[in-house]
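The structure appears right after this line, and notes come after that.
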2 protein chains.
Amino acid sequence: MKITCNKNDLMKGLNIVSKAVPSKTTMSILECLLIDCNDGVIKLIANDMDFGIKTIVKGTIHEKGAVAYDAGIILNLIRSLPDNDVTIDTDADYNTVITCEKIRFDKINSRSGEDFSYLPNVYKNLPITISKLTLKEVIRQTIFSISDNDSNKMMSGELFEIVNDNLRVVSLDGHRISIRNIKLNNSYNIKVVIPGKTLNEISKIISGDDEDEVNIFFNDNYVMFEFDETTVVSRIIEGEYFRIDQMLSNDYETKISINKREMLDCINRATLLIKEGDKKPVILNIADNKVDININSVLGSMNESIDIEKEGKDLMIGFNPKFLIDALRVIDDENVSIYLVNAKAPCFIRDEENNYIYLVLPVNFTTA
Amino acid sequence: MKITCNKNDLMKGLNIVSKAVPSKTTMSILECLLIDCNDGVIKLIANDMDFGIKTIVKGTIHEKGAVAYDAGIILNLIRSLPDNDVTIDTDADYNTVITCEKIRFDKINSRSGEDFSYLPNVYKNLPITISKLTLKEVIRQTIFSISDNDSNKMMSGELFEIVNDNLRVVSLDGHRISIRNIKLNNSYNIKVVIPGKTLNEISKIISGDDEDEVNIFFNDNYVMFEFDETTVVSRIIEGEYFRIDQMLSNDYETKISINKREMLDCINRATLLIKEGDKKPVILNIADNKVDININSVLGSMNESIDIEKEGKDLMIGFNPKFLIDALRVIDDENVSIYLVNAKAPCFIRDEENNYIYLVLPVNFTTA
């Protein structure tokens with residue numbers, strides 16, 4: 001196999017597919033990425049078996065073939081080259097020479113593409129289509145509340161549920177639920193759970209600064225994302241997702257409107273008094289026109305007043321500060337509305353249109 | 001004690017003195033910094049016994065006193081506050097209240113300043129005076145070749161040697177020597193070894209973007225740096241420094257002039273083929289008009305030609321690539337001159353005026 005590509009084009013492709021190279025694996029072929037140019041285009045492929053990426057790179061094919069390279073090494077070598085044409089030439093004995101200007105790498109390890117697992121074939125039925133920007137935003141605004149422990153597989157993924165033209169993306173970890181609703185251009189009836197890892201990696205690959213579209217195809221066992229010259233295929237998580245509708249409610253006894261930045265800064269400040277591993281709640285004391293936010297720990301205490309608009313009853317309620325911080329951090333609105341019932345019931349941070357809903361369970365606290 | 005300072009002024013001072021708070025210590029008082037306002041100014045002090053910093057912060061003293069605070073906690077709390085006036089109020093029981101706008105931290109731990117070690121008194125004889133910019137540059141261009149192992153204390157410091165109006169700064173680690181020569185405005189006769197740690201921390205504190213001056217005072221056991229409102233006092237390393245003059249020579253058999261950027265990029269690229277912990281030399285094959293730089297390892301080989309100007313004999317010589325990289329990285333000249341004798345003798349990278357001299361010992365190599 002022998003190809004010539006521009007260094008930057010090649011690097012862009014290598015960066016994309018390297019997201020599917022597992023950092024730890026006992027199977028050395030998984031540490032490789034494949035360059036396959038048997039079909040007249042230069043395809044880069046990586047596949048960690050749960051999740052695979054394919055992308056096409058511009059360039060010239062001098063000699064067909066499919067060769068697997070250690071992903072870490074080839075990435076480092078290509079990255080180090082000047083911005084010019086790069087030629088990769090692998091002979092029948094899998095000895096590889098990489099040349100660029102007056103630079104020549106020789107005897108770089110490579111191996112037959114025959115050992116390599118190609119991506120599974122996914123049947124292309126009608127895709128749902130959303131902009132890159134929207135997909136990236138939706139992932140950012142929900143991914144933080146998946147569970148990172150493996151005891152409940154379903155919690156490590158996100159529900160993508162489409163009823164008619166409404167896409168609802170849901171993540172939860174037993175203490176909180178994050179929901180984003182998006183309007184689509186067409187109607188569907190789809191319910192799948194996509195691994196958090198897949199969504200995290202896709203979010204890194206797609207640039208969020210353009211309105212280009214992503215096509216998403218759903219099959220029985222796989223979900224496939226297509227954008228630009230790139231295809232991402234991932235297994236979905238099998239089984240029934242949690243029934244969340246019964247946990248959601250629009251009833252409230254207290255509603256406050258608060259400046260998001262002030263509240264976030266205040267809670268971040270309060271957490272400075274919490275030593276790592278220590279579980280101290282932040283306590284909101286909601287009265288007319290202001291909320292007192294305070295925390296008590298062995299390191300000291302903090303109290304801060306923030307102006308609010310309030311409807312309904314006064315209330316004192318405690319939260320894990322991290323859960324409030326995570327939700328507030330991803331909301332783009334200047335002011336947020338928080339709906340509460342009592343000190344034992346979940347609070348909801350949501351906008352009028354339910355574009356976003358963050359449910360957070362309160363925690364018990366003692367007042368000193 | 002009760003003081004009020006602007007948050008940014010206070011933070012600037014805290015950042016400076018925190019450089020003398022050791023990251024690991026068994027003496028809890030060393031983790032503290034002192035605020036002392038008994039002399040009518042607000043002094044911040046930290047001291048790790050080898051090395052101490054004092055700085056003066058603008059502000060209002062409502063009540064005199066000297067109180068020690070956990071450096072990590074007070075730094076975090078003050079940093080978190082909005083840019084406005086901050087009041088620190090410690091009562092007779094060492095209960096501290098910090099207030100800013102509507103924020104109130106309470107019960108912050110503090111302790112009597114009596115346990116705190118003040119900086120040693122250094123007699124202020126005639127100082128040597130150099131610009132911050134020069135001091136920072138000189139440190140950057142030599143500090144990398146001190147030795148980081150503790151078996152030879154003298155190698156962990158840098159020689160500051162002044163003969164007449166010439167300051168020579170030297171560091172060495174047994175494989176290489178780095179030298180910078182600076183002209184001073186006055187004549188002195190001084191020879192001290194300053195701990196590398198002190199120089200590293202000073203380099204972080206002084207901003208390199210201005211021509212403000214630093215006064216340096218030398219005593220029998222201490223060196224003191226004064227600039228702006230800040231004083232840094234450090235023990236010096238006692239004993240006789242290595243005799244380096246006998247290792248320096250202006251004789252050569254081969255001299256090359258090479259583009260610094262090209263050579264640095266090339267050697268960086270070559271090191272990509274070296275696995276961590278593997279000691280592979282980079283081999284320079286010097287011929288008329290070009291040097292071939294190559295490396296061989298289990299991962300593959302690299303060869304690159306770079307155009308040079310050459311005087312004298314052809315030569316093949318091997319180096320630890322890290323030593324060449326370290327020296328080339330800190331040289332600001334576009335082209336560097338390298339002086340060589342044979343494959344067993346040290347090479348010298350230096351400019352005409354000996355403003356900088358980098359001696360690097362070669363290593364043995366086998367040609368494949």
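By order in the structure tokens, chains are A, B, ...; within a chain, residues start at 1; ligands start at 1, following the order shown.
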Q.
as a ChimeraX atom specification, please: the residues near Gly59 in chain A (cut-off 10 Å, only C-alpha atoms, same-chain neighbours under 3 positions excluded).
A. /A:3-7,9-10,41-42,56,62,85-87
Please write the residues from the selection above to a file, keeping C-alpha atoms, as a compact mmCIF listing (two decimals), in the first residue's frame.
# COMPACT_ATOMS: atom_id res chain seq x y z
CA ILE A 3 -0.55 6.76 -0.40
CA THR A 4 0.25 10.47 -0.35
CA CYS A 5 -1.83 12.94 1.67
CA ASN A 6 -1.43 16.47 2.89
CA LYS A 7 -0.19 16.34 6.48
CA ASP A 9 -5.74 16.43 6.11
CA LEU A 10 -4.22 13.20 7.33
CA VAL A 41 -10.68 6.21 -1.38
CA ILE A 42 -8.40 6.50 1.65
CA ILE A 56 -12.28 9.46 4.53
CA HIS A 62 -0.31 4.93 -5.57
CA ASP A 85 2.79 16.10 1.46
CA VAL A 86 3.31 12.91 3.45
CA THR A 87 3.84 9.56 1.78
(Q) At a cut-off of 7 Å, which residues of chain B touch chain A? Count only C-alpha atoms and give the answer as a PyMOL selection string. (A) chain B and resi 76-77+80+102-109+269+272+299-305
Q: For CA of Asp210 in chain B and CA of Ile331 in chain B, quote the distance in Å rounded to one decimal.
A: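 Atom-to-atom, CA of Asp210 in chain B to CA of Ile331 in chain B, that is 20.1 Å.
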